[in-house]
Amino acid sequence: MSSNAIFTGLTDLPQDGCVVIKGSRIVDAGDKRLAGKWQGPQTKYLKFEDQLIMPGFCESHAHIFFGALEFCSANVSGARSEEEAVQMLAGFDHSAAGMWVIGFGWNRYAWEKDALPTKKTLDASFPDRPALVFDAELHSLWVNSKTLEICGINRNTPDPAGGKITRDADNEPTGHLLEPAAMALVLDEALQKGLEDERKLFQKYFKKTAALGITSISAVPDFGLKKHGIYEELDRQGELNLRIHLVESANEKIEDLIRLRSRLTSGRLNFSGVKEFIDGTAMAHTGLLLEPYCDMPSYRGRPLVDIKSFTEKVVELDRHGFRIRLHACGDGAVRLALDIYEETRRINGPRDSRHTVEHIENINPADLPRFRANGVIASVQPEHLSHDNYAGHPFHKILGKKRVEYAWPFKSLLTSGATVAFGSDHPVVDLNPLQGIYRAVTRLMDDGKPEGGWMPREKLSLAEALKGYTVFSAFQMFREKDLGTLEAGKLADIIVLDRNIFGAAYEEIKEAKPLLTMLNGNVIHG
């Protein structure tokens with residue numbers, strides 16, 4: 001295949017040339033004259049002009065099952081009130097979810113009245129059918145009375161460790177469940193679907209990822225819902241049109257994790273470590289900060305784990321060779337995660353662990369050099385910084401002027417020497433990598449403001465952003481020998497965009513679409 005614009009990931013600019021594929025691998029890449037060297041009677045020649053050829057996108061952080069479910073559920077992110085969100089739910093065909101009504105994307109900060117939703121509004125439209133709606137950050141759940149009844153949640157149900165059941169003045173659950181530990185009280189009951197239903201969900205998901213140019217993905221846990229069984233079945237049957245790097249919960253038994261690690265090694269389905277939550281999110285005021293919230297002056301959040309016992313667990317997991325990924329949004333949680341990794345390194349000694357801090361929505365600049373010093377990867381999601389308007393972004397009042405200087409610090413992390421891997425956290429935000437790349441290079445909100453971008457010193461070049469979704473994410477997956485760049489010996493996971501986004505207007509980045517997606521040298525889209 002040839003083009004006037006090939007981004008190999010080895011340089012910062014595209015070049016005129018060709019890529020030669022034999023079987024599942026790239027056997028040559030470079031000048032177009034190479035094509036003649038490999039020409040034969042069975043050769044297929046794909047010729048492009050100014051369309052950009054590049055490595056397939058490696059998505060470093062997504063919830064596959066929830067993402068698949070979101071594609072066939074109601075999206076209420078456009079609602080401007082609790083009542084409007086219910087209207088959107090009521091107007092959606094929920095047949096794909098069986099008896100359940102399922103929605104995604106409510107956001108109290110986008111509503112005219114900033115308040116938590118309650119079961120009463122859902123009950124008015126769904127008195128006899130269980131309903132649940134994920135918030136925009138996937139950190140809380142809004143449910144109706146029927147759901148509480150089915151799941152046995154009442155005034156006597158204790159708050160689970162690390163989670164909260166919101167209650168009214170009479171101690172009755174209001175229908176709001178905060179953080180994954182509390183959400184699990186409902187999700188285990190609601191989302192244990194049959195194999196055939198799940199197969200359809202995942203087949204639709206794989207078509208979507210292929211159309212977006214995503215060829216590899218780090219599948220982070222879906223709050224205790226175990227799906228590796230169906231992934232293995234799809235892999236055996238040749239239906240896994242996506243490389244899945246499975247991340248399990250750190251709360252699983254080590255012997256079970258060892259067995260899973262030894263079993264998932266196919267190249268399309270690989271075990272890729274464990275994950276745990278250090279905090280929640282600043283938006284929900286469950287993020288752990290170093291100093292109090294500006295709008296809650298006496299509160300700075302708290303860790304979701306017991307620090308001493310969890311550090312001991314991380315040390316043990318590291319001793320058994322596991323890579324650990326710690327969710328840390330607030331600057332206090334980021335520091336705590338780095339402290340834990342440093343202590344682990346001190347006890348067990350250094351190794352190529354590629355332990356990871358997830359999200360890093362805010363950081364104290366003193367902690368920036370610690371990533372490189374300890375070999376820790378920064379896994380970030382550029383689209384998380386988006387909001388419909390700059391003036392209304394909640395971080396202004398939550399963090400204040402000083403701390404937003406280091407909100408989503410992509411460039412600072414990269415300059416400090418950290419490996420910065422990009423992902424989406426879908427279905428929290430759009431799965432489309434080009435949307436995240438646009439956000440990373442512009443740092444503009446949806447209203448096109450502020451002029452020059454939010455904290456413009458944190459903007460990335462287009463090449464840096466593309467490498468975040470290719471070179472650096474492949475490294476984060478321990479797949480840099482096979483993926484992430486276009487060069488001889490690498491697997492032929494390749495995409496062709498419908499335009500050359502280098503030198504184009506920024507708006508064209510998010511408007512671009514893959515014409516062609518290849519996995520293992522086979523066309524899976526286009």
# chains A, B, ... in the order shown; residues from 1 in each chain; ligands from 1
call {"tool": "residues_around", "arguments": {"residues": "region 139-152 of chain A", "least_positions_apart": "6", "cutoff": "8 Å", "atoms": "only C-alpha atoms", "output": "ChimeraX atom specification"}}
result
/A:117-120,122-123,126-133,175-180,183,185-186,189,280-281
call {"tool": "write_last_selection", "arguments": {"atoms": "C-alpha atoms", "output": "mmCIF file, in the first residue's frame"}}
result
data_model
loop_
_atom_site.group_PDB
_atom_site.id
_atom_site.type_symbol
_atom_site.label_atom_id
_atom_site.label_comp_id
_atom_site.auth_asym_id
_atom_site.auth_seq_id
_atom_site.Cartn_x
_atom_site.Cartn_y
_atom_site.Cartn_z
ATOM 1 C CA PRO A 117 -31.465 12.938 40.823
ATOM 2 C CA THR A 118 -33.872 10.801 42.831
ATOM 3 C CA LYS A 119 -35.912 7.659 42.319
ATOM 4 C CA LYS A 120 -39.164 9.672 42.287
ATOM 5 C CA LEU A 122 -37.877 7.623 37.406
ATOM 6 C CA ASP A 123 -40.798 6.044 39.294
ATOM 7 C CA PHE A 126 -41.242 3.442 35.187
ATOM 8 C CA PRO A 127 -43.288 2.322 38.211
ATOM 9 C CA ASP A 128 -43.079 -1.410 37.471
ATOM 10 C CA ARG A 129 -39.920 -1.801 35.391
ATOM 11 C CA PRO A 130 -36.413 -1.544 36.884
ATOM 12 C CA ALA A 131 -34.416 1.414 35.582
ATOM 13 C CA LEU A 132 -30.798 2.458 36.010
ATOM 14 C CA VAL A 133 -28.858 5.359 34.520
ATOM 15 C CA GLY A 175 -32.031 6.234 44.274
ATOM 16 C CA HIS A 176 -28.448 7.517 43.974
ATOM 17 C CA LEU A 177 -25.520 5.112 44.415
ATOM 18 C CA LEU A 178 -22.037 6.626 44.553
ATOM 19 C CA GLU A 179 -18.796 4.943 43.429
ATOM 20 C CA PRO A 180 -18.337 1.409 41.978
ATOM 21 C CA MET A 183 -23.048 0.561 42.060
ATOM 22 C CA LEU A 185 -25.119 -3.715 44.484
ATOM 23 C CA VAL A 186 -27.253 -3.197 41.371
ATOM 24 C CA GLU A 189 -28.227 -8.276 39.266
ATOM 25 C CA GLY A 280 -13.210 8.786 42.844
ATOM 26 C CA THR A 281 -13.469 11.973 40.778
#
call {"tool": "residues_around", "arguments": {"residues": "Asp425 (chain A)", "least_positions_apart": "6", "cutoff": "9 Å", "atoms": "only C-alpha atoms", "output": "PyMOL selection string"}}
result
chain A and resi 59-63+137+220+359+380-381+384+431
call {"tool": "closest_residue", "arguments": {"among": "A:Ile360, A:Leu399, A:Met477, A:Ile102", "to": "Asn270 (chain A)", "atoms": "only C-alpha atoms"}}
result
A:Met477
call {"tool": "residues_around", "arguments": {"residues": "region 215-219 of chain A", "least_positions_apart": "2", "cutoff": "8 Å", "atoms": "only C-alpha atoms", "output": "PDB file with C-alpha atoms, in the first residue's frame"}}
result
ATOM      1  CA  GLY A  56      -3.899   1.258  14.103  1.00  0.00           C
ATOM      2  CA  PHE A  57      -5.078   3.096  17.191  1.00  0.00           C
ATOM      3  CA  CYS A  58      -4.262   1.481  20.552  1.00  0.00           C
ATOM      4  CA  GLU A  59      -6.950   2.516  23.052  1.00  0.00           C
ATOM      5  CA  SER A  60      -5.331   2.404  26.496  1.00  0.00           C
ATOM      6  CA  HIS A  61      -8.396   2.581  28.764  1.00  0.00           C
ATOM      7  CA  ALA A  62     -11.978   1.538  27.965  1.00  0.00           C
ATOM      8  CA  HIS A  63     -14.784  -0.482  29.554  1.00  0.00           C
ATOM      9  CA  ILE A  64     -15.707  -2.905  26.775  1.00  0.00           C
ATOM     10  CA  THR A 209     -14.029  -0.156  16.970  1.00  0.00           C
ATOM     11  CA  ALA A 210     -12.965  -1.240  13.475  1.00  0.00           C
ATOM     12  CA  GLY A 213      -9.579   2.542  13.447  1.00  0.00           C
ATOM     13  CA  PRO A 221     -12.704  -3.937  34.682  1.00  0.00           C
ATOM     14  CA  ASN A 241     -11.719  -8.457  15.464  1.00  0.00           C
ATOM     15  CA  LEU A 242      -9.895  -6.494  18.126  1.00  0.00           C
ATOM     16  CA  ARG A 243      -6.800  -7.133  20.246  1.00  0.00           C
ATOM     17  CA  ILE A 244      -8.032  -7.155  23.828  1.00  0.00           C
ATOM     18  CA  HIS A 245      -5.540  -6.614  26.646  1.00  0.00           C
ATOM     19  CA  LEU A 246      -7.580  -7.628  29.664  1.00  0.00           C
ATOM     20  CA  VAL A 247      -7.126  -5.853  32.995  1.00  0.00           C
ATOM     21  CA  SER A 272      -2.494  -7.200  30.956  1.00  0.00           C
ATOM     22  CA  MET A 477       0.344  -2.808  26.608  1.00  0.00           C
ATOM     23  CA  ASP A 493      -2.458  -3.401  12.157  1.00  0.00           C
ATOM     24  CA  THR A 517      -8.742  -0.692   8.947  1.00  0.00           C
ATOM     25  CA  MET A 518      -6.482  -3.757   8.866  1.00  0.00           C
ATOM     26  CA  LEU A 519      -5.835  -6.267  11.636  1.00  0.00           C
TER      27      LEU A 519
END
call {"tool": "atom_distance", "arguments": {"atom1": "CA of Ile26 (chain A)", "atom2": "CA of Leu486 (chain A)"}}
result
7.4 Å
call {"tool": "select_by_dssp", "arguments": {"residues": "region 175-258 of chain A", "states": "alpha helix (DSSP H)", "output": "ChimeraX atom specification"}}
result
/A:179-190,195-211,228-236,254-258
call {"tool": "residues_around", "arguments": {"residues": "Glu84 (chain A)", "least_positions_apart": "2", "cutoff": "12 Å", "atoms": "only C-alpha atoms", "output": "list in words"}}
result
Asn75, Val76, Ser77, Gly78, Ala79, Arg80, Ser81, Glu82, Val86, Gln87, Met88, Leu89, Ala90, Gly91, Trp106, Asn107, Ala110, Trp111, Glu112, Lys113, Pro117, Thr121, Leu122 and Ser125 of chain A
call {"tool": "atom_distance", "arguments": {"atom1": "CA of Asn348 (chain A)", "atom2": "CA of Lys313 (chain A)"}}
result
12.5 Å
call {"tool": "closest_residue", "arguments": {"among": "A:Ile307, A:Leu69, A:Ala35, A:Leu466", "to": "Phe422 (chain A)", "atoms": "only C-alpha atoms"}}
result
A:Leu466
call {"tool": "atom_distance", "arguments": {"atom1": "CA of Ser2 (chain A)", "atom2": "CA of Arg25 (chain A)"}}
result
15.9 Å
call {"tool": "closest_residue", "arguments": {"among": "A:Ser249, A:Asn4, A:Gln42, A:Ser386", "to": "Glu361 (chain A)", "atoms": "only C-alpha atoms"}}
result
A:Ser386
call {"tool": "closest_residue", "arguments": {"among": "A:Ile363, A:Gly30, A:Ala378, A:Met54", "to": "Gly9 (chain A)", "atoms": "only C-alpha atoms"}}
result
A:Met54
call {"tool": "residues_around", "arguments": {"residues": "Asn251 (chain A)", "least_positions_apart": "3", "cutoff": "12 Å", "atoms": "only C-alpha atoms", "output": "ChimeraX atom specification"}}
result
/A:181,221,223-224,247-248,254-257,273-277,305,310,313-314,317,324
call {"tool": "write_last_selection", "arguments": {"atoms": "C-alpha atoms", "output": "tab-separated table (two decimals), in the first residue's frame"}}
result
chain	number	residue	atom	x	y	z
A	181	ALA	CA	-18.63	-0.37	45.33
A	221	PRO	CA	-12.70	-3.94	34.68
A	223	PHE	CA	-16.97	-3.15	38.13
A	224	GLY	CA	-16.70	-6.86	38.92
A	247	VAL	CA	-7.13	-5.85	33.00
A	248	GLU	CA	-8.69	-7.56	36.02
A	254	ILE	CA	-3.65	-14.04	43.26
A	255	GLU	CA	-3.87	-17.74	42.35
A	256	ASP	CA	-6.86	-16.97	40.08
A	257	LEU	CA	-4.96	-14.10	38.46
A	273	GLY	CA	-2.50	-6.62	34.72
A	274	VAL	CA	-4.79	-5.51	37.53
A	275	LYS	CA	-6.51	-2.27	38.53
A	276	GLU	CA	-7.80	-0.60	41.68
A	277	PHE	CA	-9.33	2.75	42.68
A	305	VAL	CA	-8.57	2.03	50.12
A	310	PHE	CA	-3.42	-1.90	50.07
A	313	LYS	CA	-1.27	-5.99	48.46
A	314	VAL	CA	0.49	-4.04	45.69
A	317	LEU	CA	1.14	-8.45	43.34
A	324	ILE	CA	-0.75	-2.61	38.54
call {"tool": "residues_around", "arguments": {"residues": "Thr11 (chain A)", "least_positions_apart": "2", "cutoff": "10 Å", "atoms": "only C-alpha atoms", "output": "count of residues only"}}
result
9
call {"tool": "decode", "arguments": {"residues": "region 404-427 of chain A", "atoms": "N, CA and C atoms", "output": "PDB file, in the first residue's frame"}}
result
ATOM      1  N   VAL A 404      -6.073  24.588  38.603  1.00  0.00           N
ATOM      2  CA  VAL A 404      -6.391  24.274  37.212  1.00  0.00           C
ATOM      3  C   VAL A 404      -5.208  24.547  36.293  1.00  0.00           C
ATOM      4  N   GLU A 405      -4.167  25.200  36.807  1.00  0.00           N
ATOM      5  CA  GLU A 405      -2.936  25.362  36.029  1.00  0.00           C
ATOM      6  C   GLU A 405      -2.341  23.996  35.670  1.00  0.00           C
ATOM      7  N   TYR A 406      -2.645  22.993  36.492  1.00  0.00           N
ATOM      8  CA  TYR A 406      -2.129  21.642  36.240  1.00  0.00           C
ATOM      9  C   TYR A 406      -3.264  20.630  36.124  1.00  0.00           C
ATOM     10  N   ALA A 407      -4.341  21.058  35.446  1.00  0.00           N
ATOM     11  CA  ALA A 407      -5.442  20.149  35.138  1.00  0.00           C
ATOM     12  C   ALA A 407      -5.159  19.461  33.808  1.00  0.00           C
ATOM     13  N   TRP A 408      -5.253  18.153  33.776  1.00  0.00           N
ATOM     14  CA  TRP A 408      -4.950  17.348  32.592  1.00  0.00           C
ATOM     15  C   TRP A 408      -3.588  17.780  31.992  1.00  0.00           C
ATOM     16  N   PRO A 409      -2.506  17.518  32.716  1.00  0.00           N
ATOM     17  CA  PRO A 409      -1.189  18.087  32.378  1.00  0.00           C
ATOM     18  C   PRO A 409      -0.421  17.259  31.345  1.00  0.00           C
ATOM     19  N   PHE A 410      -0.973  17.110  30.147  1.00  0.00           N
ATOM     20  CA  PHE A 410      -0.377  16.208  29.146  1.00  0.00           C
ATOM     21  C   PHE A 410       1.053  16.609  28.773  1.00  0.00           C
ATOM     22  N   LYS A 411       1.264  17.858  28.427  1.00  0.00           N
ATOM     23  CA  LYS A 411       2.584  18.300  27.982  1.00  0.00           C
ATOM     24  C   LYS A 411       3.588  18.260  29.127  1.00  0.00           C
ATOM     25  N   SER A 412       3.158  18.656  30.322  1.00  0.00           N
ATOM     26  CA  SER A 412       4.061  18.626  31.468  1.00  0.00           C
ATOM     27  C   SER A 412       4.533  17.205  31.758  1.00  0.00           C
ATOM     28  N   LEU A 413       3.629  16.252  31.668  1.00  0.00           N
ATOM     29  CA  LEU A 413       4.007  14.855  31.874  1.00  0.00           C
ATOM     30  C   LEU A 413       4.997  14.405  30.808  1.00  0.00           C
ATOM     31  N   LEU A 414       4.693  14.726  29.559  1.00  0.00           N
ATOM     32  CA  LEU A 414       5.559  14.306  28.459  1.00  0.00           C
ATOM     33  C   LEU A 414       6.942  14.955  28.577  1.00  0.00           C
ATOM     34  N   THR A 415       6.982  16.233  28.888  1.00  0.00           N
ATOM     35  CA  THR A 415       8.250  16.944  29.017  1.00  0.00           C
ATOM     36  C   THR A 415       9.078  16.411  30.176  1.00  0.00           C
ATOM     37  N   SER A 416       8.399  15.940  31.219  1.00  0.00           N
ATOM     38  CA  SER A 416       9.113  15.405  32.379  1.00  0.00           C
ATOM     39  C   SER A 416       9.743  14.039  32.101  1.00  0.00           C
ATOM     40  N   GLY A 417       9.416  13.458  30.949  1.00  0.00           N
ATOM     41  CA  GLY A 417       9.985  12.161  30.586  1.00  0.00           C
ATOM     42  C   GLY A 417       9.055  10.989  30.785  1.00  0.00           C
ATOM     43  N   ALA A 418       7.803  11.248  31.163  1.00  0.00           N
ATOM     44  CA  ALA A 418       6.839  10.160  31.339  1.00  0.00           C
ATOM     45  C   ALA A 418       6.369   9.622  30.000  1.00  0.00           C
ATOM     46  N   THR A 419       6.051   8.330  29.968  1.00  0.00           N
ATOM     47  CA  THR A 419       5.343   7.744  28.832  1.00  0.00           C
ATOM     48  C   THR A 419       3.867   8.050  29.024  1.00  0.00           C
ATOM     49  N   VAL A 420       3.260   8.751  28.054  1.00  0.00           N
ATOM     50  CA  VAL A 420       1.881   9.212  28.179  1.00  0.00           C
ATOM     51  C   VAL A 420       1.016   8.462  27.172  1.00  0.00           C
ATOM     52  N   ALA A 421       0.241   7.499  27.669  1.00  0.00           N
ATOM     53  CA  ALA A 421      -0.627   6.679  26.819  1.00  0.00           C
ATOM     54  C   ALA A 421      -2.030   7.256  26.811  1.00  0.00           C
ATOM     55  N   PHE A 422      -2.646   7.288  25.628  1.00  0.00           N
ATOM     56  CA  PHE A 422      -3.969   7.890  25.470  1.00  0.00           C
ATOM     57  C   PHE A 422      -5.078   6.834  25.410  1.00  0.00           C
ATOM     58  N   GLY A 423      -6.217   7.214  25.963  1.00  0.00           N
ATOM     59  CA  GLY A 423      -7.417   6.392  25.875  1.00  0.00           C
ATOM     60  C   GLY A 423      -8.637   7.282  26.003  1.00  0.00           C
ATOM     61  N   SER A 424      -9.798   6.657  26.152  1.00  0.00           N
ATOM     62  CA  SER A 424     -11.040   7.427  26.217  1.00  0.00           C
ATOM     63  C   SER A 424     -11.796   7.231  27.527  1.00  0.00           C
ATOM     64  N   ASP A 425     -11.670   6.049  28.162  1.00  0.00           N
ATOM     65  CA  ASP A 425     -12.512   5.678  29.299  1.00  0.00           C
ATOM     66  C   ASP A 425     -13.964   5.489  28.847  1.00  0.00           C
ATOM     67  N   HIS A 426     -14.177   5.223  27.558  1.00  0.00           N
ATOM     68  CA  HIS A 426     -15.529   4.978  27.052  1.00  0.00           C
ATOM     69  C   HIS A 426     -16.204   3.906  27.901  1.00  0.00           C
ATOM     70  N   PRO A 427     -17.501   4.100  28.253  1.00  0.00           N
ATOM     71  CA  PRO A 427     -18.441   5.084  27.710  1.00  0.00           C
ATOM     72  C   PRO A 427     -18.519   6.413  28.465  1.00  0.00           C
TER      73      PRO A 427
END
